file data07.txt (compact mmCIF, C-alpha atoms and all ligand atoms)
# COMPACT_ATOMS: atom_id res chain seq x y z
CA MET G 142 25.32 19.53 -14.89
CA SER G 143 25.66 17.47 -11.73
CA ARG G 144 23.99 17.99 -8.38
CA THR G 145 25.08 16.07 -5.35
CA SER G 146 23.38 14.75 -2.22
CA ASP G 147 24.02 12.05 0.36
CA VAL G 148 20.87 10.19 -0.64
CA LEU G 149 18.92 10.31 -3.88
CA VAL G 150 15.47 8.71 -3.83
CA VAL G 151 14.10 7.71 -7.22
CA GLY G 152 10.30 7.80 -7.04
CA GLY G 153 7.98 10.16 -5.20
CA GLY G 154 5.12 7.87 -4.20
CA ILE G 155 4.46 7.38 -0.50
CA ILE G 156 7.34 4.88 -0.15
CA GLY G 157 9.89 7.19 -1.78
CA LEU G 158 8.57 10.16 0.18
CA VAL G 159 8.69 8.45 3.57
CA THR G 160 12.22 7.27 2.81
CA ALA G 161 13.32 10.79 1.89
CA TRP G 162 11.59 12.34 4.92
CA ARG G 163 13.17 9.92 7.39
CA ALA G 164 16.61 10.22 5.75
CA ALA G 165 16.47 14.02 5.93
CA GLN G 166 15.38 13.84 9.57
CA ARG G 167 18.54 11.83 10.26
CA GLY G 168 20.68 14.66 8.91
CA LEU G 169 21.38 13.22 5.45
CA ALA G 170 21.33 15.69 2.52
CA THR G 171 18.46 14.14 0.58
CA ALA G 172 17.03 14.69 -2.88
CA LEU G 173 14.11 13.01 -4.60
CA VAL G 174 13.53 12.70 -8.32
CA ASP G 175 9.97 12.39 -9.65
CA PRO G 176 8.00 14.56 -12.07
CA GLU G 177 5.03 14.62 -9.71
CA PRO G 178 5.85 13.82 -6.08
CA GLY G 179 2.81 12.56 -4.18
CA GLY G 180 1.37 10.74 -7.21
CA GLY G 181 1.56 7.04 -7.92
CA ALA G 182 -0.55 4.19 -6.62
CA ALA G 183 -1.52 6.12 -3.45
CA ARG G 184 -3.81 8.25 -5.61
CA VAL G 185 -5.92 5.19 -6.26
CA ALA G 186 -5.49 3.12 -3.09
CA ALA G 187 -8.30 2.85 -0.55
CA GLY G 188 -5.92 3.01 2.42
CA MET G 189 -7.01 -0.03 4.39
CA LEU G 190 -4.50 -0.98 7.11
CA ALA G 191 -5.56 -4.60 6.85
CA ALA G 192 -2.82 -6.76 8.36
CA VAL G 193 -5.39 -9.16 9.83
CA THR G 194 -8.21 -9.26 7.26
CA GLU G 195 -5.77 -9.53 4.33
CA LEU G 196 -3.77 -12.36 5.89
CA HIS G 197 -2.93 -15.14 3.41
CA TYR G 198 -1.47 -18.61 3.81
CA GLY G 199 2.28 -18.55 3.20
CA GLU G 200 2.60 -14.89 4.18
CA GLN G 201 3.29 -15.29 7.91
CA THR G 202 6.73 -13.63 7.62
CA LEU G 203 5.17 -10.66 5.89
CA LEU G 204 2.52 -10.60 8.63
CA GLY G 205 5.23 -9.77 11.19
CA LEU G 206 6.29 -6.70 9.20
CA ASN G 207 2.66 -5.69 8.52
CA LEU G 208 1.84 -5.86 12.24
CA ALA G 209 4.99 -3.94 13.17
CA SER G 210 3.92 -1.17 10.79
CA ALA G 211 0.28 -1.22 11.96
CA ARG G 212 1.47 -0.77 15.56
CA ARG G 213 3.51 2.28 14.53
CA TYR G 214 0.61 3.99 12.74
CA PRO G 215 -0.83 6.03 15.65
CA GLU G 216 2.54 7.58 16.49
CA PHE G 217 3.53 7.92 12.83
CA ALA G 218 0.26 9.67 11.97
CA ALA G 219 0.60 12.05 14.92
CA GLU G 220 4.22 12.87 14.05
CA LEU G 221 3.48 13.39 10.35
CA THR G 222 0.44 15.55 11.12
CA GLY G 223 2.64 17.64 13.41
CA ALA G 224 5.37 17.93 10.78
CA SER G 225 3.03 18.81 7.90
CA GLY G 226 -0.04 20.40 9.47
CA GLU G 227 -2.14 17.95 7.40
CA ASP G 228 -4.81 15.62 8.77
CA LEU G 229 -4.20 12.13 7.32
CA GLY G 230 -7.75 10.85 7.75
CA TYR G 231 -6.36 8.12 10.02
CA ARG G 232 -9.39 6.34 11.42
CA ARG G 233 -9.36 3.49 13.94
CA CYS G 234 -12.76 2.30 12.84
CA GLY G 235 -12.12 -1.44 12.48
CA THR G 236 -13.14 -3.83 9.70
CA LEU G 237 -15.92 -6.35 9.18
CA ALA G 238 -15.26 -9.16 6.69
CA VAL G 239 -18.53 -10.85 5.76
CA ALA G 240 -19.78 -13.88 3.86
CA LEU G 241 -22.74 -13.91 1.49
CA ASP G 242 -23.13 -17.65 0.89
CA ALA G 243 -22.01 -21.00 2.26
CA ASP G 244 -18.80 -21.04 0.17
CA ASP G 245 -17.82 -17.56 1.34
CA ARG G 246 -18.55 -18.62 4.91
CA ALA G 247 -16.26 -21.64 4.57
CA LEU G 248 -13.52 -19.35 3.23
CA LEU G 249 -13.98 -16.94 6.10
CA ARG G 250 -13.88 -19.82 8.63
CA GLU G 251 -10.52 -20.84 7.12
CA LEU G 252 -9.26 -17.28 7.44
CA HIS G 253 -10.46 -17.16 11.03
CA SER G 254 -8.53 -20.36 11.87
CA LEU G 255 -5.38 -18.92 10.29
CA GLN G 256 -5.83 -15.66 12.17
CA ARG G 257 -6.26 -17.47 15.48
CA ALA G 258 -3.30 -19.77 14.80
CA SER G 259 -1.28 -16.59 14.16
CA GLY G 260 -2.37 -15.11 17.50
CA LEU G 261 -4.49 -12.35 15.93
CA GLU G 262 -7.64 -10.76 17.32
CA SER G 263 -10.69 -11.56 15.23
CA GLU G 264 -14.20 -12.37 16.41
CA TRP G 265 -16.69 -14.59 14.55
CA LEU G 266 -20.17 -13.02 14.27
CA SER G 267 -23.46 -14.42 13.02
CA GLY G 268 -25.20 -12.71 10.10
CA ARG G 269 -27.61 -11.07 12.54
CA GLU G 270 -24.72 -9.74 14.67
CA CYS G 271 -23.05 -8.36 11.52
CA ARG G 272 -26.22 -6.50 10.57
CA ARG G 273 -26.63 -5.18 14.08
CA LEU G 274 -23.18 -3.59 13.71
CA GLU G 275 -23.79 -2.42 10.12
CA PRO G 276 -27.52 -2.13 9.38
CA MET G 277 -26.92 -1.30 5.68
CA LEU G 278 -25.60 -4.83 5.05
CA ALA G 279 -27.70 -7.10 2.83
CA PRO G 280 -30.16 -9.30 4.74
CA GLY G 281 -28.51 -12.40 3.20
CA VAL G 282 -25.16 -11.94 5.00
CA ARG G 283 -24.34 -15.34 6.55
CA GLY G 284 -21.69 -14.38 9.07
CA GLY G 285 -18.53 -12.38 9.42
CA LEU G 286 -15.29 -11.57 11.19
CA ARG G 287 -15.04 -8.47 13.31
CA VAL G 288 -11.47 -7.16 13.36
CA ASP G 289 -11.26 -3.97 15.36
CA GLY G 290 -7.49 -3.67 14.83
CA ASP G 291 -7.64 -3.15 11.03
CA HIS G 292 -7.88 0.61 10.53
CA GLN G 293 -7.70 3.04 7.59
CA VAL G 294 -5.92 6.17 6.43
CA ASP G 295 -6.57 8.41 3.42
CA PRO G 296 -3.64 7.73 1.04
CA ARG G 297 -4.05 11.01 -0.86
CA ARG G 298 -3.80 12.99 2.35
CA LEU G 299 -0.90 10.79 3.46
CA ALA G 300 0.95 11.57 0.22
CA ARG G 301 0.24 15.31 0.52
CA ALA G 302 1.42 15.33 4.12
CA LEU G 303 4.63 13.52 3.20
CA VAL G 304 5.39 16.04 0.43
CA VAL G 305 5.02 18.92 2.90
CA ALA G 306 7.02 17.11 5.61
CA CYS G 307 9.81 16.44 3.10
CA GLU G 308 9.88 20.08 2.01
CA ARG G 309 10.03 21.24 5.61
CA ALA G 310 12.80 18.74 6.39
CA GLY G 311 14.90 20.12 3.52
CA VAL G 312 14.43 17.39 0.90
CA VAL G 313 15.25 18.77 -2.55
CA PHE G 314 12.69 17.80 -5.21
CA HIS G 315 13.86 17.32 -8.80
CA ARG G 316 10.56 17.34 -10.71
CA ILE G 317 11.61 15.26 -13.70
CA TRP G 318 11.81 11.58 -14.71
CA ALA G 319 14.96 9.62 -13.91
CA GLU G 320 15.99 7.85 -17.11
CA ARG G 321 19.12 5.90 -16.25
CA LEU G 322 21.14 4.81 -13.26
CA GLU G 323 24.71 6.08 -13.28
CA VAL G 324 27.21 3.40 -12.31
CA VAL G 325 30.78 4.54 -11.76
CA GLY G 326 33.32 1.76 -11.25
CA ASP G 327 31.44 -0.81 -9.21
CA ARG G 328 29.07 1.68 -7.48
CA ALA G 329 25.74 3.30 -8.15
CA ALA G 330 26.56 7.00 -8.24
CA GLY G 331 23.31 8.75 -9.18
CA VAL G 332 20.84 9.02 -12.03
CA VAL G 333 20.60 10.80 -15.35
CA ALA G 334 17.30 12.64 -15.86
CA THR G 335 15.39 12.83 -19.14
CA ASP G 336 16.87 16.28 -19.88
CA GLY G 337 20.42 14.97 -19.39
CA THR G 338 20.94 16.43 -15.91
CA VAL G 339 23.01 14.16 -13.71
CA PHE G 340 22.04 13.89 -10.07
CA THR G 341 24.85 12.28 -8.12
CA ALA G 342 24.59 10.86 -4.61
CA GLY G 343 26.43 8.68 -2.14
CA GLN G 344 23.45 6.30 -2.00
CA VAL G 345 20.59 5.83 -4.44
CA VAL G 346 17.26 4.39 -3.28
CA LEU G 347 15.09 3.00 -6.04
CA ALA G 348 11.48 3.44 -4.87
CA GLY G 349 9.62 3.59 -8.16
CA GLY G 350 6.67 1.34 -7.28
CA SER G 351 5.60 -0.79 -10.23
CA LEU G 352 8.11 1.10 -12.44
CA SER G 353 11.09 0.09 -10.30
CA GLY G 354 12.24 -2.59 -12.72
CA ARG G 355 12.28 -0.18 -15.67
CA LEU G 356 15.13 2.20 -14.84
CA ALA G 357 17.77 1.84 -17.55
CA GLY G 358 21.32 1.12 -16.50
CA VAL G 359 20.46 -1.07 -13.51
CA PRO G 360 22.53 -4.24 -13.87
CA GLU G 361 20.37 -7.28 -14.64
CA GLU G 362 21.39 -9.12 -11.46
CA VAL G 363 20.06 -6.36 -9.17
CA LEU G 364 17.05 -5.31 -11.23
CA PRO G 365 14.01 -5.56 -8.89
CA PRO G 366 11.61 -8.33 -9.96
CA VAL G 367 8.56 -6.09 -9.66
CA ARG G 368 5.51 -6.31 -11.91
CA PRO G 369 2.39 -4.13 -12.21
CA VAL G 370 -0.87 -5.55 -10.85
CA LYS G 371 -3.77 -3.37 -11.90
CA GLY G 372 -6.46 -2.33 -9.45
CA GLN G 373 -9.59 -0.43 -10.45
CA VAL G 374 -11.38 1.56 -7.78
CA VAL G 375 -14.66 3.49 -7.64
CA ARG G 376 -15.41 6.43 -5.38
CA LEU G 377 -18.92 7.31 -4.21
CA THR G 378 -20.09 9.98 -1.79
CA VAL G 379 -22.46 9.73 1.13
CA PRO G 380 -24.30 13.10 0.91
CA ARG G 381 -24.40 15.55 3.79
CA PRO G 382 -25.85 15.47 6.35
CA TYR G 383 -24.40 12.00 6.55
CA ALA G 384 -27.07 9.43 7.12
CA PRO G 385 -25.56 6.52 9.02
CA PHE G 386 -24.21 4.40 6.17
CA LEU G 387 -21.18 2.33 7.18
CA SER G 388 -19.27 2.91 10.40
CA ARG G 389 -16.27 0.75 9.46
CA THR G 390 -14.61 -0.91 6.47
CA VAL G 391 -16.75 -3.74 5.13
CA ARG G 392 -15.26 -6.37 2.84
CA ALA G 393 -16.04 -9.75 1.34
CA VAL G 394 -15.02 -12.23 -1.30
CA VAL G 395 -17.89 -12.26 -3.82
CA ARG G 396 -17.81 -14.82 -6.66
CA GLY G 397 -14.11 -15.29 -5.94
CA SER G 398 -13.16 -11.58 -6.10
CA GLN G 399 -12.25 -9.30 -3.23
CA VAL G 400 -14.48 -6.29 -2.72
CA TYR G 401 -14.19 -3.70 0.01
CA LEU G 402 -16.05 -0.54 1.00
CA VAL G 403 -14.00 1.99 2.93
CA PRO G 404 -16.04 4.85 4.47
CA ARG G 405 -14.18 8.06 5.20
CA GLU G 406 -15.20 10.64 7.78
CA ASN G 407 -15.63 13.24 5.00
CA GLY G 408 -18.36 11.16 3.35
CA GLU G 409 -16.22 9.54 0.65
CA LEU G 410 -16.91 5.83 0.16
CA VAL G 411 -14.14 3.97 -1.67
CA VAL G 412 -15.10 0.73 -3.38
CA GLY G 413 -12.20 -1.47 -4.49
CA ALA G 414 -10.53 -3.23 -6.06
CA THR G 415 -10.00 -5.41 -9.07
CA SER G 416 -6.75 -7.36 -9.35
CA GLU G 417 -5.61 -7.76 -12.94
CA GLU G 418 -2.34 -8.95 -14.44
CA LEU G 419 -2.43 -6.82 -17.59
CA GLY G 420 0.98 -5.20 -17.68
CA TRP G 421 1.04 -1.42 -17.88
CA ASP G 422 -2.62 -0.97 -18.71
CA THR G 423 -4.43 1.56 -16.51
CA THR G 424 -7.67 1.75 -18.46
CA VAL G 425 -10.82 1.96 -16.38
CA THR G 426 -13.12 -0.58 -17.98
CA ALA G 427 -16.88 -0.99 -17.98
CA GLY G 428 -16.32 -4.58 -16.85
CA GLY G 429 -14.16 -3.54 -13.91
CA VAL G 430 -16.60 -0.90 -12.71
CA TYR G 431 -19.53 -3.27 -13.25
CA GLN G 432 -17.85 -6.01 -11.21
CA LEU G 433 -17.07 -3.66 -8.32
CA LEU G 434 -20.53 -2.11 -8.19
CA ARG G 435 -22.30 -5.45 -8.63
CA ASP G 436 -20.30 -7.07 -5.81
CA ALA G 437 -20.56 -4.02 -3.56
CA HIS G 438 -24.31 -3.91 -4.23
CA ASP G 439 -24.65 -7.57 -3.21
CA LEU G 440 -23.06 -6.60 0.11
CA VAL G 441 -24.65 -3.20 0.69
CA PRO G 442 -27.66 -2.71 -1.63
CA GLY G 443 -28.06 0.96 -0.60
CA ILE G 444 -24.94 2.03 -2.52
CA THR G 445 -27.02 2.50 -5.67
CA GLU G 446 -28.51 5.65 -4.09
CA LEU G 447 -25.11 7.33 -3.65
CA PRO G 448 -23.62 9.90 -6.02
CA PHE G 449 -20.86 8.40 -8.18
CA THR G 450 -17.72 10.55 -7.92
CA GLU G 451 -14.74 8.93 -9.57
CA THR G 452 -13.15 5.86 -11.12
CA ARG G 453 -9.44 5.24 -11.39
CA ALA G 454 -6.99 2.43 -11.99
CA GLY G 455 -3.55 2.09 -10.45
CA LEU G 456 -0.71 -0.40 -10.49
CA ARG G 457 0.36 -2.29 -7.39
CA PRO G 458 4.08 -3.16 -7.38
CA GLY G 459 3.87 -6.96 -7.11
CA SER G 460 6.92 -9.02 -6.14
CA PRO G 461 7.43 -12.79 -6.58
CA ASP G 462 6.58 -13.51 -2.90
CA ASN G 463 4.17 -10.58 -2.37
CA ALA G 464 6.59 -9.01 0.11
CA PRO G 465 8.61 -5.81 -0.26
CA LEU G 466 12.27 -5.48 -1.22
CA LEU G 467 14.01 -3.35 1.39
CA GLY G 468 17.64 -2.35 1.69
CA PRO G 469 20.97 -2.78 -0.09
CA THR G 470 21.36 -4.63 -3.36
CA ALA G 471 24.49 -6.45 -4.50
CA LEU G 472 25.50 -3.22 -6.29
CA PRO G 473 27.19 -0.95 -3.73
CA GLY G 474 25.36 2.36 -3.36
CA LEU G 475 22.04 1.04 -4.70
CA LEU G 476 19.19 0.26 -2.29
CA LEU G 477 15.60 -0.73 -2.93
CA ALA G 478 12.32 0.24 -1.29
CA THR G 479 9.76 -1.33 -3.57
CA GLY G 480 7.54 -4.37 -4.21
CA HIS G 481 5.01 -3.49 -1.49
CA TYR G 482 2.18 -4.97 -3.60
CA ARG G 483 -1.11 -4.83 -1.61
CA ASN G 484 0.48 -3.31 1.50
CA GLY G 485 2.18 -0.06 0.49
CA VAL G 486 0.02 2.21 2.64
CA LEU G 487 0.21 -0.14 5.62
CA LEU G 488 3.99 -0.57 5.31
CA THR G 489 4.80 3.13 4.93
CA PRO G 490 5.85 3.76 8.57
CA VAL G 491 8.08 0.70 8.91
CA THR G 492 9.63 1.25 5.47
CA GLY G 493 10.66 4.77 6.45
CA ASP G 494 12.25 3.50 9.66
CA VAL G 495 14.02 0.58 7.99
CA LEU G 496 15.45 2.68 5.17
CA ALA G 497 16.57 5.46 7.51
CA HIS G 498 18.36 2.88 9.63
CA VAL G 499 20.13 1.21 6.73
CA LEU G 500 21.05 4.53 5.09
CA THR G 501 22.69 5.78 8.28
CA THR G 502 24.27 2.56 9.58
CA GLY G 503 24.69 0.36 6.51
CA GLU G 504 22.85 -2.44 8.36
CA LEU G 505 19.33 -3.77 7.86
CA PRO G 506 17.46 -3.91 11.17
CA ASP G 507 16.47 -7.44 12.23
CA GLU G 508 12.79 -6.98 11.37
CA ALA G 509 13.71 -6.25 7.74
CA ARG G 510 16.27 -9.00 7.13
CA PRO G 511 13.75 -11.39 5.53
CA PHE G 512 12.93 -8.65 3.02
CA SER G 513 16.42 -8.03 1.68
CA PRO G 514 16.40 -7.74 -2.14
CA GLN G 515 19.28 -10.19 -2.14
CA ARG G 516 16.85 -13.06 -1.53
CA PHE G 517 16.03 -12.82 -5.24
CA SER G 518 19.57 -12.22 -6.52
CA ALA G 519 20.62 -15.46 -4.79
CA ALA G 520 17.87 -17.37 -6.60
CA ARG G 521 18.85 -15.82 -9.96
CA THR G 522 22.50 -16.80 -9.74
CA GLU G 523 21.81 -20.44 -8.79
CA GLN G 524 22.79 -22.77 -11.60
CA PRO G 525 20.25 -25.27 -12.91
CA VAL G 526 21.21 -28.89 -12.12
N1 LIG E 1 -4.81 -3.88 -0.12
C1 LIG E 1 -5.87 -3.66 -1.00
C2 LIG E 1 -5.59 -3.90 -2.40
O1 LIG E 1 -4.44 -4.12 -2.79
O2 LIG E 1 -6.53 -3.91 -3.18
call {"tool": "encode", "arguments": {"input": "data07.txt", "output": "structure tokens", "more": "lines below"}}
Ligand code: GLY
result
Amino acid sequence: MSRTSDVLVVGGGIIGLVTAWRAAQRGLATALVDPEPGGGAARVAAGMLAAVTELHYGEQTLLGLNLASARRYPEFAAELTGASGEDLGYRRCGTLAVALDADDRALLRELHSLQRASGLESEWLSGRECRRLEPMLAPGVRGGLRVDGDHQVDPRRLARALVVACERAGVVFHRIWAERLEVVGDRAAGVVATDGTVFTAGQVVLAGGSLSGRLAGVPEEVLPPVRPVKGQVVRLTVPRPYAPFLSRTVRAVVRGSQVYLVPRENGELVVGATSEELGWDTTVTAGGVYQLLRDAHDLVPGITELPFTETRAGLRPGSPDNAPLLGPTALPGLLLATGHYRNGVLLTPVTGDVLAHVLTTGELPDEARPFSPQRFSAARTEQPV
């Protein structure tokens, strides 16, 4: 059996969903194949919109895209809430990155210099000023960076809202795994599902997160170079009536590892995240949970009083340069929207806009040109000298 659409999105995480929603809004007959739309890494992610506090050396090009997406969030959240009737838990609460010892403080000073050199808003605070803002912080905090522009959203609500918005926009969901890309002549023409059903389409968007490189039938030269990077996350709850606990996201590098505490308005407190190169393993380990709670406790000792709600591990789709792969591949009819690594939630609005543009016009908008998947195909076909 064959079912046809203009666009077929492979993968129903937030990136696949936003692509399908925006494509359908532009009048394209759109289908999405995924056994469980709304699942994926968003189920684990904390939802920090941290363009400024997660800035890294060598990622200034990515910063431009991150900032473009952060700027779109207020309008995007309002539009998606209107389209779905779902509150996304979008919260403009700001972020405080703190240092616990002299080494951490040196690291944070470096980050502050990079932020200022990049024209970003970030204010250095003494330890006392940090604690005045967030009284639950440990007395030993040595200083910090106040970044009011780094916000948060609840990724589970975001995913739910996108599923509803897609349904209302007419996206057809095929709730099954895609097994193989169909290539007819020199074009991607659809996918074959695990039960043998063929879904054909004029354009296929591969948006499978960390699984994007695993679809059979994708020619080697266009296979996305995406790898899984495991993140373990713990969820706690601040009991009602909410005592003042944290009013914003608090984060630090403790003993060389990132830890962040993301407080939601509904009382959930998300503590994340490990970063582990362990292939497809999604085991929650005692060591991972211990590390997160130990580091979070160093920052905010009062967390030990909170009810423990959940632990989970997810897989970030890492790419060789930590930036996403957006747009057409060298195989006509096959596009990518993957490799978002640490920034999938942040990059959701801009990814939807970029993919909708390229699906309707055939052209990547200027802001997305540095993120063309073809930057990797070029490297692969270069001959060694
Ligand atoms: N952006 C947060 C993380 O990847 O852990």
call {"tool": "atom_distance", "arguments": {"input": "data07.txt", "atom1": "atom CA of Gly337 of chain G", "atom2": "atom CA of Val325 of chain G"}}
result
16.6 Å
call {"tool": "residues_around", "arguments": {"input": "data07.txt", "residues": "Thr222 of chain G", "least_positions_apart": "2", "cutoff": "12 Å", "atoms": "all atoms listed in the file", "output": "number ranges by chain"}}
result
G: 214-220, 224-231, 298-306
call {"tool": "closest_residue", "arguments": {"input": "data07.txt", "among": "G:Arg250, G:Arg355, G:Arg212, G:Arg283", "to": "Leu440 of chain G", "atoms": "only C-alpha atoms"}}
result
G:Arg283
call {"tool": "residues_near_ligand", "arguments": {"input": "data07.txt", "ligand": "ligand LIG 1 (chain E)", "cutoff": "6 Å", "atoms": "all atoms listed in the file", "output": "ChimeraX atom specification"}}
result
/G:414,483-484
call {"tool": "residues_around", "arguments": {"input": "data07.txt", "residues": "segment 342-350 of chain G", "least_positions_apart": "6", "cutoff": "6 Å", "atoms": "all atoms listed in the file", "output": "ChimeraX atom specification"}}
result
/G:145-152,157,330-331,458,474-479
call {"tool": "closest_residue", "arguments": {"input": "data07.txt", "among": "G:Arg273, G:Arg392, G:His292, G:Arg232", "to": "Ser210 of chain G", "atoms": "all atoms listed in the file"}}
result
G:His292
call {"tool": "build_atoms", "arguments": {"input": "data07.txt", "residues": "segment 410-418 of chain G", "atoms": "all heavy atoms", "output": "compact mmCIF listing (two decimals), keeping the file's coordinate frame"}}
result
# COMPACT_ATOMS: atom_id res chain seq x y z
N LEU G 410 -16.83 7.28 -0.01
CA LEU G 410 -16.91 5.83 0.16
C LEU G 410 -16.12 5.20 -0.99
O LEU G 410 -16.49 5.34 -2.15
CB LEU G 410 -18.36 5.36 0.13
CG LEU G 410 -18.55 3.86 0.34
CD1 LEU G 410 -18.19 3.43 1.77
CD2 LEU G 410 -20.00 3.44 0.05
N VAL G 411 -15.02 4.55 -0.65
CA VAL G 411 -14.14 3.97 -1.67
C VAL G 411 -14.51 2.50 -1.85
O VAL G 411 -14.57 1.75 -0.85
CB VAL G 411 -12.65 4.09 -1.25
CG1 VAL G 411 -11.74 3.62 -2.38
CG2 VAL G 411 -12.31 5.52 -0.86
N VAL G 412 -14.75 2.12 -3.07
CA VAL G 412 -15.10 0.73 -3.38
C VAL G 412 -13.98 0.15 -4.23
O VAL G 412 -13.69 0.63 -5.33
CB VAL G 412 -16.44 0.64 -4.15
CG1 VAL G 412 -16.78 -0.82 -4.43
CG2 VAL G 412 -17.56 1.31 -3.37
N GLY G 413 -13.31 -0.88 -3.73
CA GLY G 413 -12.20 -1.47 -4.49
C GLY G 413 -12.20 -2.96 -4.34
O GLY G 413 -12.98 -3.51 -3.57
N ALA G 414 -11.34 -3.60 -4.91
CA ALA G 414 -10.53 -3.23 -6.06
C ALA G 414 -10.38 -4.47 -6.91
O ALA G 414 -10.36 -5.59 -6.38
CB ALA G 414 -9.15 -2.76 -5.63
N THR G 415 -10.29 -4.26 -8.22
CA THR G 415 -10.00 -5.41 -9.07
C THR G 415 -8.53 -5.79 -8.90
O THR G 415 -7.73 -5.02 -8.33
CB THR G 415 -10.24 -5.07 -10.55
OG1 THR G 415 -9.33 -4.04 -10.94
CG2 THR G 415 -11.68 -4.61 -10.78
N SER G 416 -8.15 -6.94 -9.36
CA SER G 416 -6.75 -7.36 -9.35
C SER G 416 -6.48 -8.03 -10.68
O SER G 416 -6.96 -9.13 -10.94
CB SER G 416 -6.52 -8.32 -8.18
OG SER G 416 -5.15 -8.60 -8.07
N GLU G 417 -5.74 -7.32 -11.55
CA GLU G 417 -5.61 -7.76 -12.94
C GLU G 417 -4.15 -7.75 -13.38
O GLU G 417 -3.46 -6.75 -13.20
CB GLU G 417 -6.43 -6.82 -13.85
CG GLU G 417 -7.90 -6.73 -13.45
CD GLU G 417 -8.60 -5.52 -14.08
OE1 GLU G 417 -8.87 -5.57 -15.28
OE2 GLU G 417 -8.84 -4.53 -13.37
N GLU G 418 -3.72 -8.85 -13.94
CA GLU G 418 -2.34 -8.95 -14.44
C GLU G 418 -2.35 -8.58 -15.92
O GLU G 418 -2.42 -9.44 -16.79
CB GLU G 418 -1.82 -10.39 -14.25
CG GLU G 418 -1.83 -10.88 -12.81
CD GLU G 418 -0.53 -10.57 -12.05
OE1 GLU G 418 0.40 -9.99 -12.65
OE2 GLU G 418 -0.47 -10.91 -10.86
